[in-house]
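*Asks:* You'll find work18.txt just under this line, and it carries compact mmCIF, C-alpha atoms.
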```txt
# COMPACT_ATOMS: atom_id res chain seq x y z
CA MET R 1 3.00 -33.80 10.28
CA LYS R 2 0.97 -33.52 7.07
CA ASN R 3 -2.67 -32.49 7.07
CA ARG R 4 -5.62 -31.92 4.72
CA LEU R 5 -6.82 -28.74 6.37
CA ARG R 6 -6.45 -26.53 3.30
CA GLN R 7 -8.38 -28.95 1.06
CA LEU R 8 -11.13 -29.47 3.62
CA ARG R 9 -11.47 -25.73 4.17
CA ALA R 10 -11.54 -25.05 0.40
CA LYS R 11 -14.21 -27.74 -0.05
CA ARG R 12 -16.47 -25.87 2.36
CA ASP R 13 -15.52 -22.53 0.79
CA TRP R 14 -14.32 -21.14 4.15
CA SER R 15 -11.63 -18.50 4.42
CA GLN R 16 -8.77 -18.97 6.90
CA ALA R 17 -10.35 -16.25 9.02
CA ALA R 18 -13.74 -18.03 9.02
CA LEU R 19 -12.16 -21.32 10.09
CA ALA R 20 -10.09 -19.52 12.72
CA GLU R 21 -13.24 -18.03 14.18
CA ARG R 22 -14.90 -21.46 14.37
CA LEU R 23 -11.81 -22.87 16.11
CA ASP R 24 -11.33 -19.82 18.37
CA VAL R 25 -7.75 -19.33 17.21
CA SER R 26 -6.04 -16.65 15.12
CA ARG R 27 -5.92 -16.74 11.31
CA GLN R 28 -2.12 -17.00 11.63
CA THR R 29 -2.53 -20.24 13.58
CA VAL R 30 -4.74 -21.75 10.85
CA ASN R 31 -2.18 -20.67 8.26
CA ALA R 32 0.72 -22.15 10.27
CA ILE R 33 -1.11 -25.49 10.60
CA GLU R 34 -2.03 -25.56 6.90
CA THR R 35 1.54 -24.88 5.80
CA GLY R 36 2.85 -27.55 8.21
CA ARG R 37 4.89 -25.04 10.20
CA TYR R 38 3.00 -25.84 13.39
CA ASP R 39 1.48 -29.07 14.69
CA PRO R 40 -1.65 -28.35 16.77
CA SER R 41 -2.11 -29.63 20.30
CA LEU R 42 -4.37 -32.64 20.84
CA PRO R 43 -7.32 -30.51 22.08
CA LEU R 44 -7.06 -28.23 19.02
CA ALA R 45 -6.76 -31.26 16.70
CA PHE R 46 -9.99 -32.61 18.26
CA ARG R 47 -11.69 -29.23 17.74
CA ILE R 48 -10.60 -29.26 14.08
CA ALA R 49 -11.93 -32.79 13.65
CA ARG R 50 -15.22 -31.77 15.26
CA VAL R 51 -15.59 -28.68 13.02
CA PHE R 52 -15.14 -30.83 9.89
CA ASP R 53 -17.08 -33.72 11.39
CA LEU R 54 -14.27 -36.16 10.55
CA PRO R 55 -11.98 -38.43 12.58
CA ILE R 56 -8.59 -36.90 13.46
CA GLU R 57 -6.65 -39.51 11.49
CA SER R 58 -8.45 -38.56 8.28
CA ILE R 59 -7.25 -34.96 8.66
CA PHE R 60 -3.75 -35.42 10.10
CA ASP R 61 -1.13 -37.83 8.84
CA PRO R 62 1.80 -38.30 11.20
CA GLY R 63 3.85 -39.89 8.39
CA ASP R 64 7.18 -41.26 9.65
CA GLN R 65 6.63 -39.78 13.12
CA ALA R 66 4.00 -42.47 13.93
CA MET O 67 -29.80 4.89 12.65
CA ASN O 68 -26.56 6.74 13.21
CA THR O 69 -26.23 9.10 10.23
CA ARG O 70 -22.65 9.99 11.08
CA GLN O 71 -21.60 6.33 10.83
CA THR O 72 -23.31 5.90 7.44
CA ALA O 73 -21.68 9.02 6.11
CA ARG O 74 -18.19 7.93 7.17
CA PRO O 75 -17.67 4.20 7.88
CA GLN O 76 -15.28 3.53 10.75
CA GLN O 77 -11.89 2.28 9.56
CA ALA O 78 -10.92 -1.05 11.17
CA MET O 79 -8.06 -0.71 13.65
CA SER O 80 -5.11 -2.69 12.32
CA ARG O 81 -1.57 -3.14 13.62
CA LYS O 82 -0.36 -0.86 10.81
CA ARG O 83 -2.82 1.89 11.78
CA VAL O 84 -1.97 1.66 15.49
CA LEU O 85 1.76 1.96 14.76
CA ARG O 86 1.18 4.87 12.37
CA ILE O 87 -0.97 6.78 14.86
CA SER O 88 1.31 6.17 17.86
CA GLY O 89 4.45 6.87 15.80
CA SER O 90 3.01 10.17 14.54
CA ILE O 91 1.95 11.17 18.08
CA ALA O 92 5.43 10.35 19.45
CA VAL O 93 7.19 12.29 16.64
CA GLY O 94 4.81 15.25 17.14
CA ALA O 95 5.26 15.17 20.92
CA GLY O 96 9.06 14.87 20.58
CA THR O 97 9.22 17.88 18.26
CA ALA O 98 6.90 19.89 20.55
CA VAL O 99 8.99 19.04 23.64
CA MET O 100 12.24 20.04 21.90
CA VAL O 101 10.78 23.34 20.64
CA ALA O 102 9.20 24.11 24.03
CA GLY O 103 12.46 23.19 25.80
CA ALA O 104 14.48 25.48 23.52
CA LEU O 105 12.06 28.35 24.16
CA ALA O 106 11.93 27.80 27.92
CA GLY O 107 15.63 26.95 28.27
CA TRP O 108 14.96 23.53 29.82
CA SER O 109 18.08 21.42 29.29
CA GLN O 110 16.44 17.98 29.76
CA ALA O 111 13.90 18.67 27.00
CA ASN O 112 16.40 17.71 24.31
CA ARG O 113 16.90 14.23 25.82
CA ILE O 114 13.16 13.65 26.14
CA GLY O 115 12.54 15.00 22.63
CA ILE O 116 15.21 12.80 21.05
CA PHE O 117 13.86 9.77 22.94
CA LEU O 118 10.30 10.45 21.68
CA LEU O 119 11.50 11.12 18.12
CA ALA O 120 13.53 7.89 18.08
CA MET O 121 10.61 5.87 19.48
CA GLY O 122 8.16 7.42 17.00
CA GLY O 123 10.60 6.77 14.16
CA VAL O 124 10.92 3.10 15.11
CA TRP O 125 7.11 2.72 15.30
CA LEU O 126 6.64 4.43 11.92
CA ALA O 127 9.35 2.21 10.40
CA PHE O 128 7.66 -0.93 11.84
CA SER O 129 4.30 0.29 10.45
CA LEU O 130 5.66 -0.12 6.91
CA PHE O 131 5.85 -3.89 7.41
CA ALA O 132 2.86 -4.33 9.77
CA SER O 133 -0.33 -6.17 8.87
CA ARG O 134 -3.48 -4.36 7.68
CA GLU O 135 -5.71 -7.08 9.19
CA PRO O 136 -8.22 -5.81 11.77
CA LEU O 137 -7.02 -6.42 15.31
CA HIS O 138 -8.60 -9.16 17.41
CA PRO O 139 -10.68 -7.80 20.34
CA ARG O 140 -8.11 -9.18 22.85
CA HIS O 141 -5.39 -7.18 21.09
CA ARG O 142 -7.53 -4.03 21.14
CA ARG O 143 -8.09 -4.51 24.88
CA PHE O 144 -4.33 -4.95 25.32
CA LEU O 145 -3.69 -1.63 23.56
CA ARG O 146 -6.34 0.10 25.70
CA GLU O 147 -4.57 -1.15 28.83
CA PHE O 148 -0.98 -0.84 27.56
CA TYR O 149 -0.88 2.69 26.11
CA PRO O 150 -2.08 4.70 29.15
CA ALA O 151 0.32 2.73 31.37
CA ILE O 152 3.35 3.22 29.11
CA VAL O 153 2.57 6.94 28.66
CA ALA O 154 2.30 7.29 32.47
CA TYR O 155 5.65 5.49 32.78
CA MET O 156 7.34 7.83 30.30
CA VAL O 157 6.01 10.89 32.13
CA LEU O 158 7.10 9.53 35.54
CA VAL O 159 10.52 8.32 34.40
CA PHE O 160 11.42 11.88 33.38
CA ALA O 161 9.62 13.52 36.33
CA TYR O 162 10.91 11.49 39.29
CA ARG O 163 14.47 12.86 39.28
CA PRO O 164 13.46 16.55 39.46
CA LEU O 165 10.92 15.55 42.15
CA LEU O 166 13.67 13.78 44.16
CA GLY O 167 15.57 17.06 44.29
CA LEU O 168 12.68 18.65 46.18
CA VAL O 169 12.41 16.01 48.94
CA GLU O 170 14.72 15.08 51.84
CA LEU O 171 12.65 12.54 53.81
CA PRO O 172 14.03 9.02 53.01
CA LEU O 173 10.59 7.34 52.96
CA LEU O 174 9.18 9.95 50.63
CA ARG O 175 12.30 9.73 48.45
CA ALA O 176 11.82 5.95 48.21
CA ALA O 177 8.16 6.40 47.28
CA ILE O 178 9.05 8.93 44.54
CA ALA O 179 11.91 6.75 43.24
CA LEU O 180 9.52 3.83 42.90
CA LEU O 181 6.84 5.87 41.08
CA PRO O 182 7.89 4.74 37.56
CA VAL O 183 7.62 1.09 38.64
CA LEU O 184 3.87 1.44 39.28
CA PRO O 185 2.76 1.94 35.65
CA ILE O 186 5.11 -0.87 34.59
CA VAL O 187 3.12 -3.18 36.87
CA PHE O 188 0.07 -2.29 34.74
CA VAL O 189 2.07 -2.83 31.54
CA VAL O 190 3.04 -6.31 32.76
CA ARG O 191 -0.60 -6.97 33.79
CA ALA O 192 -1.79 -6.02 30.27
CA MET O 193 0.84 -8.31 28.72
CA VAL O 194 -0.04 -11.25 30.98
CA ARG O 195 -3.78 -10.83 30.30
CA LYS O 196 -3.13 -10.75 26.55
CA LEU O 197 -0.89 -13.80 26.75
CA ARG O 198 -3.40 -15.79 28.80
CA ASP O 199 -6.16 -15.05 26.28
CA SER O 200 -3.96 -15.90 23.28
CA ASP O 201 -4.25 -19.14 21.35
CA GLU O 202 -1.71 -21.95 21.69
CA LEU O 203 0.54 -20.89 18.79
CA GLU O 204 0.76 -17.30 20.06
CA GLN O 205 1.62 -18.60 23.56
CA ARG O 206 4.30 -20.83 22.11
CA MET O 207 5.81 -17.98 20.05
CA GLN O 208 5.76 -15.67 23.07
CA LEU O 209 7.44 -18.32 25.23
CA GLU O 210 10.19 -18.82 22.64
CA ALA O 211 10.65 -15.04 22.27
CA VAL O 212 10.83 -14.51 26.04
CA SER O 213 13.34 -17.38 26.39
CA ILE O 214 15.56 -16.02 23.60
CA ALA O 215 15.36 -12.47 25.02
CA SER O 216 16.15 -13.56 28.61
CA ILE O 217 19.11 -15.71 27.61
CA SER O 218 20.45 -13.01 25.25
CA VAL O 219 20.14 -10.20 27.81
CA GLY O 220 21.62 -12.47 30.51
CA LEU O 221 24.61 -13.35 28.33
CA LEU O 222 25.07 -9.75 27.23
CA SER O 223 25.04 -8.40 30.80
CA PHE O 224 27.39 -11.23 31.85
CA ALA O 225 29.84 -10.30 29.06
CA LEU O 226 29.54 -6.56 29.80
CA ALA O 227 30.17 -7.20 33.51
CA PHE O 228 33.38 -9.09 32.70
CA LEU O 229 34.47 -6.31 30.34
CA GLY O 230 33.61 -3.81 33.08
CA THR O 231 35.81 -5.57 35.66
CA ALA O 232 38.65 -5.58 33.13
CA GLY O 233 38.15 -1.84 32.72
CA VAL O 234 37.74 -2.32 28.96
CA PHE O 235 34.13 -1.17 28.74
CA HIS O 236 31.84 0.98 30.82
CA LEU O 237 28.14 1.49 30.14
CA GLY O 238 28.36 5.11 31.20
CA GLN O 239 25.26 4.61 33.33
CA ASP O 240 25.17 5.26 37.08
CA GLN O 241 22.51 2.54 37.53
CA PRO O 242 23.10 -0.19 34.88
CA LEU O 243 20.29 -2.33 36.40
CA MET O 244 17.82 0.20 34.95
CA LEU O 245 18.76 -1.03 31.50
CA VAL O 246 17.73 -4.64 32.16
CA LEU O 247 13.96 -4.26 31.68
CA PRO O 248 14.18 -2.06 28.55
CA ALA O 249 16.77 -4.50 27.12
CA LEU O 250 14.41 -7.41 27.83
CA ILE O 251 11.48 -5.62 26.17
CA VAL O 252 13.50 -4.69 23.06
CA GLY O 253 15.05 -8.19 22.96
CA HIS O 254 11.60 -9.76 23.23
CA ALA O 255 10.21 -7.59 20.41
CA LEU O 256 13.12 -8.49 18.10
CA ALA O 257 13.01 -12.19 19.01
CA LEU O 258 9.24 -12.28 18.45
CA ARG O 259 9.65 -10.98 14.90
CA VAL O 260 12.15 -13.78 14.15
CA VAL O 261 9.98 -16.46 15.78
CA ARG O 262 6.82 -15.25 13.99
CA ARG O 263 8.63 -15.40 10.65
CA ARG O 264 9.57 -19.03 11.35
CA TYR O 265 5.99 -20.12 12.11
CA GLN O 266 4.18 -17.91 9.63
CA GLY O 267 6.58 -17.80 6.73
CA PRO O 268 8.04 -14.73 5.01
```
So that I can check it, write out the structure of this file as structure tokens.

*Replies:*
Amino acid sequence: MKNRLRQLRAKRDWSQAALAERLDVSRQTVNAIETGRYDPSLPLAFRIARVFDLPIESIFDPGDQA
Amino acid sequence: MNTRQTARPQQAMSRKRVLRISGSIAVGAGTAVMVAGALAGWSQANRIGIFLLAMGGVWLAFSLFASREPLHPRHRRFLREFYPAIVAYMVLVFAYRPLLGLVELPLLRAAIALLPVLPIVFVVRAMVRKLRDSDELEQRMQLEAVSIASISVGLLSFALAFLGTAGVFHLGQDQPLMLVLPALIVGHALALRVVRRRYQGP
């Protein structure tokens, strides 16, 4: 699943560690999501959407999986 | 204001630093035990010393590749709970056999034989607490590592048992079941490194 996490984070000038702290996850988890190695759970995807104040579908793109 | 803190800022505790400190302590303790054993003529000291030196060496080797990032508070709590328990285990695992030689009463012998299990209960408690406080990716990686380790150790012991019945291979251990937990822990550590690499990249 593709996502725009890196761009959104860069736009707000947040480090991976800063975003991780806001989401209450580790920096490694943020990195794994950004690089597409890990798809977050639904609750974490909602937390991400809430942190960026955007709908989930504007952050995550399921691509062919949908 | 604490003048000592301003004069010398406290270095953040990272995985690399923890491994370096514990590895150095284990190597130092191993050398001390071997020297003391040679001076006092204690035959078991060599075994303990080699074990400590090997463990310290592995930790120091791992420290070369470990992260310099400051540890999360839940990881620091884990280390505070894990280290005293594992040190107590190492002391008891070498002490219970000589103690058994001093006791005849079966109940007391059973209690002494089970002594090393007690600190392991605290090790497991520390691991479970850390796992429960971890985020979802860490839990997933741990689950995969535990699954790989359990299946691998199960298959290995299965194969060794068949080789044992054929008389082709013998572990040279009077109680092979004692090797199961250490094998699981080592297997888990190795599997976790592989799993982490897959999720976090090289």

*Asks:* Sorted by chain and rising residue number, which residues of chain R lie within 6 Å of chain O, and what are their closest atom pairs and distances in Å to one decimal, counting only C-alpha atoms, as JSON lines?

*Replies:*
```
{"residue": "R:Val25", "atom": "CA", "partner": "O:Asp201", "partner_atom": "CA", "distance": 5.4}
{"residue": "R:Ala32", "atom": "CA", "partner": "O:Gln266", "partner_atom": "CA", "distance": 5.5}
{"residue": "R:Arg37", "atom": "CA", "partner": "O:Tyr265", "partner_atom": "CA", "distance": 5.4}
```

*Asks:* Keeping only C-alpha atoms, write those residues as a PDB file, in the frame of the given file.

*Replies:*
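As a result, result_1.pdb now contains:
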```
ATOM      1  CA  VAL R  25      -7.750 -19.330  17.210  1.00  0.00           C
ATOM      2  CA  ALA R  32       0.720 -22.150  10.270  1.00  0.00           C
ATOM      3  CA  ARG R  37       4.890 -25.040  10.200  1.00  0.00           C
TER       4      ARG R  37
END
```

*Asks:* Report, in Å with one decimal, the straight-line distance from CA of Met100 in chain O to CA of Arg113 in chain O.

*Replies:*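 It comes out at 8.4 Å.
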
*Asks:* Return the single residue from R:Ser58, R:Leu8, R:Leu23, R:Gln28 that is closest to Leu44 in chain R, with distances computed using only C-alpha atoms.

*Replies:*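 When distances to Leu44 in chain R are compared using only C-alpha atoms, the smallest one comes from R:Leu23.
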
*Asks:* Report, in Å with one decimal, the straight-line distance from CA of Val260 in chain O to CA of Val194 in chain O.

*Replies:*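 Distance between the two atoms: 20.9 Å.
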
*Asks:* Which residues are close to Leu118 in chain O, i.e. within 12 Å by all atoms listed in the file, leaving aside same-chain residues fewer than 3 positions away? Reply as a PyMOL selection string.

*Replies:* chain O and resi 88-100+111-115+121-125+153+156-157+160

*Asks:* Can you work out the spacing between CA of Glu57 in chain R and CA of Met207 in chain O in Å, to one decimal?

*Replies:*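 These two atoms are separated by 26.3 Å.
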
*Asks:* Looking at all atoms listed in the file, which of R:Gly36, R:Asn31, R:Ser41, R:Leu5 is the one that sits closest to Ala17 in chain R?

*Replies:* R:Asn31

*Asks:* Within 12 Å of Ile59 in chain R, counting all atoms listed in the file, which residues qualify if same-chain residues fewer than 3 places away don't, as a list of chain:residue names?

*Replies:*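 Neighbouring residues, sequence-local ones excluded: R:Met1, R:Lys2, R:Asn3, R:Arg4, R:Leu5, R:Arg6, R:Gln7, R:Leu8, R:Arg9, R:Ile33, R:Glu34, R:Pro40, R:Ala45, R:Phe46, R:Arg47, R:Ile48, R:Ala49, R:Arg50, R:Val51, R:Phe52, R:Asp53, R:Leu54, R:Pro55, R:Ile56, R:Pro62.
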
*Asks:* Save out the residues we just selected, C-alpha atoms, as an mmCIF file, in the frame of the given file.

*Replies:*
```cif
data_model
loop_
_atom_site.group_PDB
_atom_site.id
_atom_site.type_symbol
_atom_site.label_atom_id
_atom_site.label_comp_id
_atom_site.auth_asym_id
_atom_site.auth_seq_id
_atom_site.Cartn_x
_atom_site.Cartn_y
_atom_site.Cartn_z
ATOM 1 C CA MET R 1 3.000 -33.800 10.280
ATOM 2 C CA LYS R 2 0.970 -33.520 7.070
ATOM 3 C CA ASN R 3 -2.670 -32.490 7.070
ATOM 4 C CA ARG R 4 -5.620 -31.920 4.720
ATOM 5 C CA LEU R 5 -6.820 -28.740 6.370
ATOM 6 C CA ARG R 6 -6.450 -26.530 3.300
ATOM 7 C CA GLN R 7 -8.380 -28.950 1.060
ATOM 8 C CA LEU R 8 -11.130 -29.470 3.620
ATOM 9 C CA ARG R 9 -11.470 -25.730 4.170
ATOM 10 C CA ILE R 33 -1.110 -25.490 10.600
ATOM 11 C CA GLU R 34 -2.030 -25.560 6.900
ATOM 12 C CA PRO R 40 -1.650 -28.350 16.770
ATOM 13 C CA ALA R 45 -6.760 -31.260 16.700
ATOM 14 C CA PHE R 46 -9.990 -32.610 18.260
ATOM 15 C CA ARG R 47 -11.690 -29.230 17.740
ATOM 16 C CA ILE R 48 -10.600 -29.260 14.080
ATOM 17 C CA ALA R 49 -11.930 -32.790 13.650
ATOM 18 C CA ARG R 50 -15.220 -31.770 15.260
ATOM 19 C CA VAL R 51 -15.590 -28.680 13.020
ATOM 20 C CA PHE R 52 -15.140 -30.830 9.890
ATOM 21 C CA ASP R 53 -17.080 -33.720 11.390
ATOM 22 C CA LEU R 54 -14.270 -36.160 10.550
ATOM 23 C CA PRO R 55 -11.980 -38.430 12.580
ATOM 24 C CA ILE R 56 -8.590 -36.900 13.460
ATOM 25 C CA PRO R 62 1.800 -38.300 11.200
#
```

*Asks:* In terms of the shortest atom-to-atom distance over only C-alpha atoms, which of O:Arg206, O:Leu229, O:Phe117, O:Pro172 is closest to Thr29 in chain R?

*Replies:*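 Among the listed residues, the smallest separation from Thr29 in chain R belongs to O:Arg206.
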
*Asks:* Could you give me the centre and size, in Å to one decimal, of an axis-aligned box around all listed atoms of range 41-60 of chain R with 8 Å added on every side, as AutoDock Vina command-line options?

*Replies:*
```
--center_x -9.6 --center_y -33.9 --center_z 15.2 --size_x 31.0 --size_y 27.3 --size_z 29.8
```

*Asks:* Could range 216-229 of chain O be completed with N, CA and C atoms and written as a tab-separated table (two decimals), in the coordinates of the input, please?

*Replies:*
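What landed in part13.tsv:
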```tsv
chain	number	residue	atom	x	y	z
O	216	SER	N	15.55	-13.45	27.27
O	216	SER	CA	16.15	-13.56	28.61
O	216	SER	C	17.58	-14.08	28.53
O	217	ILE	N	17.77	-15.14	27.74
O	217	ILE	CA	19.11	-15.71	27.61
O	217	ILE	C	20.06	-14.68	26.98
O	218	SER	N	19.58	-13.98	25.94
O	218	SER	CA	20.45	-13.01	25.25
O	218	SER	C	20.84	-11.87	26.18
O	219	VAL	N	19.84	-11.32	26.90
O	219	VAL	CA	20.14	-10.20	27.81
O	219	VAL	C	21.04	-10.68	28.95
O	220	GLY	N	20.77	-11.90	29.45
O	220	GLY	CA	21.62	-12.47	30.51
O	220	GLY	C	23.06	-12.60	30.04
O	221	LEU	N	23.25	-13.16	28.87
O	221	LEU	CA	24.61	-13.35	28.33
O	221	LEU	C	25.30	-12.02	28.08
O	222	LEU	N	24.50	-11.07	27.53
O	222	LEU	CA	25.07	-9.75	27.23
O	222	LEU	C	25.52	-9.05	28.51
O	223	SER	N	24.67	-9.07	29.56
O	223	SER	CA	25.04	-8.40	30.80
O	223	SER	C	26.23	-9.10	31.46
O	224	PHE	N	26.27	-10.44	31.33
O	224	PHE	CA	27.39	-11.23	31.85
O	224	PHE	C	28.69	-10.78	31.17
O	225	ALA	N	28.64	-10.69	29.83
O	225	ALA	CA	29.84	-10.30	29.06
O	225	ALA	C	30.24	-8.87	29.40
O	226	LEU	N	29.23	-7.96	29.49
O	226	LEU	CA	29.54	-6.56	29.80
O	226	LEU	C	30.13	-6.42	31.20
O	227	ALA	N	29.64	-7.25	32.14
O	227	ALA	CA	30.17	-7.20	33.51
O	227	ALA	C	31.64	-7.60	33.53
O	228	PHE	N	31.97	-8.66	32.77
O	228	PHE	CA	33.38	-9.09	32.70
O	228	PHE	C	34.24	-8.00	32.07
O	229	LEU	N	33.72	-7.39	30.99
O	229	LEU	CA	34.47	-6.31	30.34
O	229	LEU	C	34.62	-5.12	31.28
```
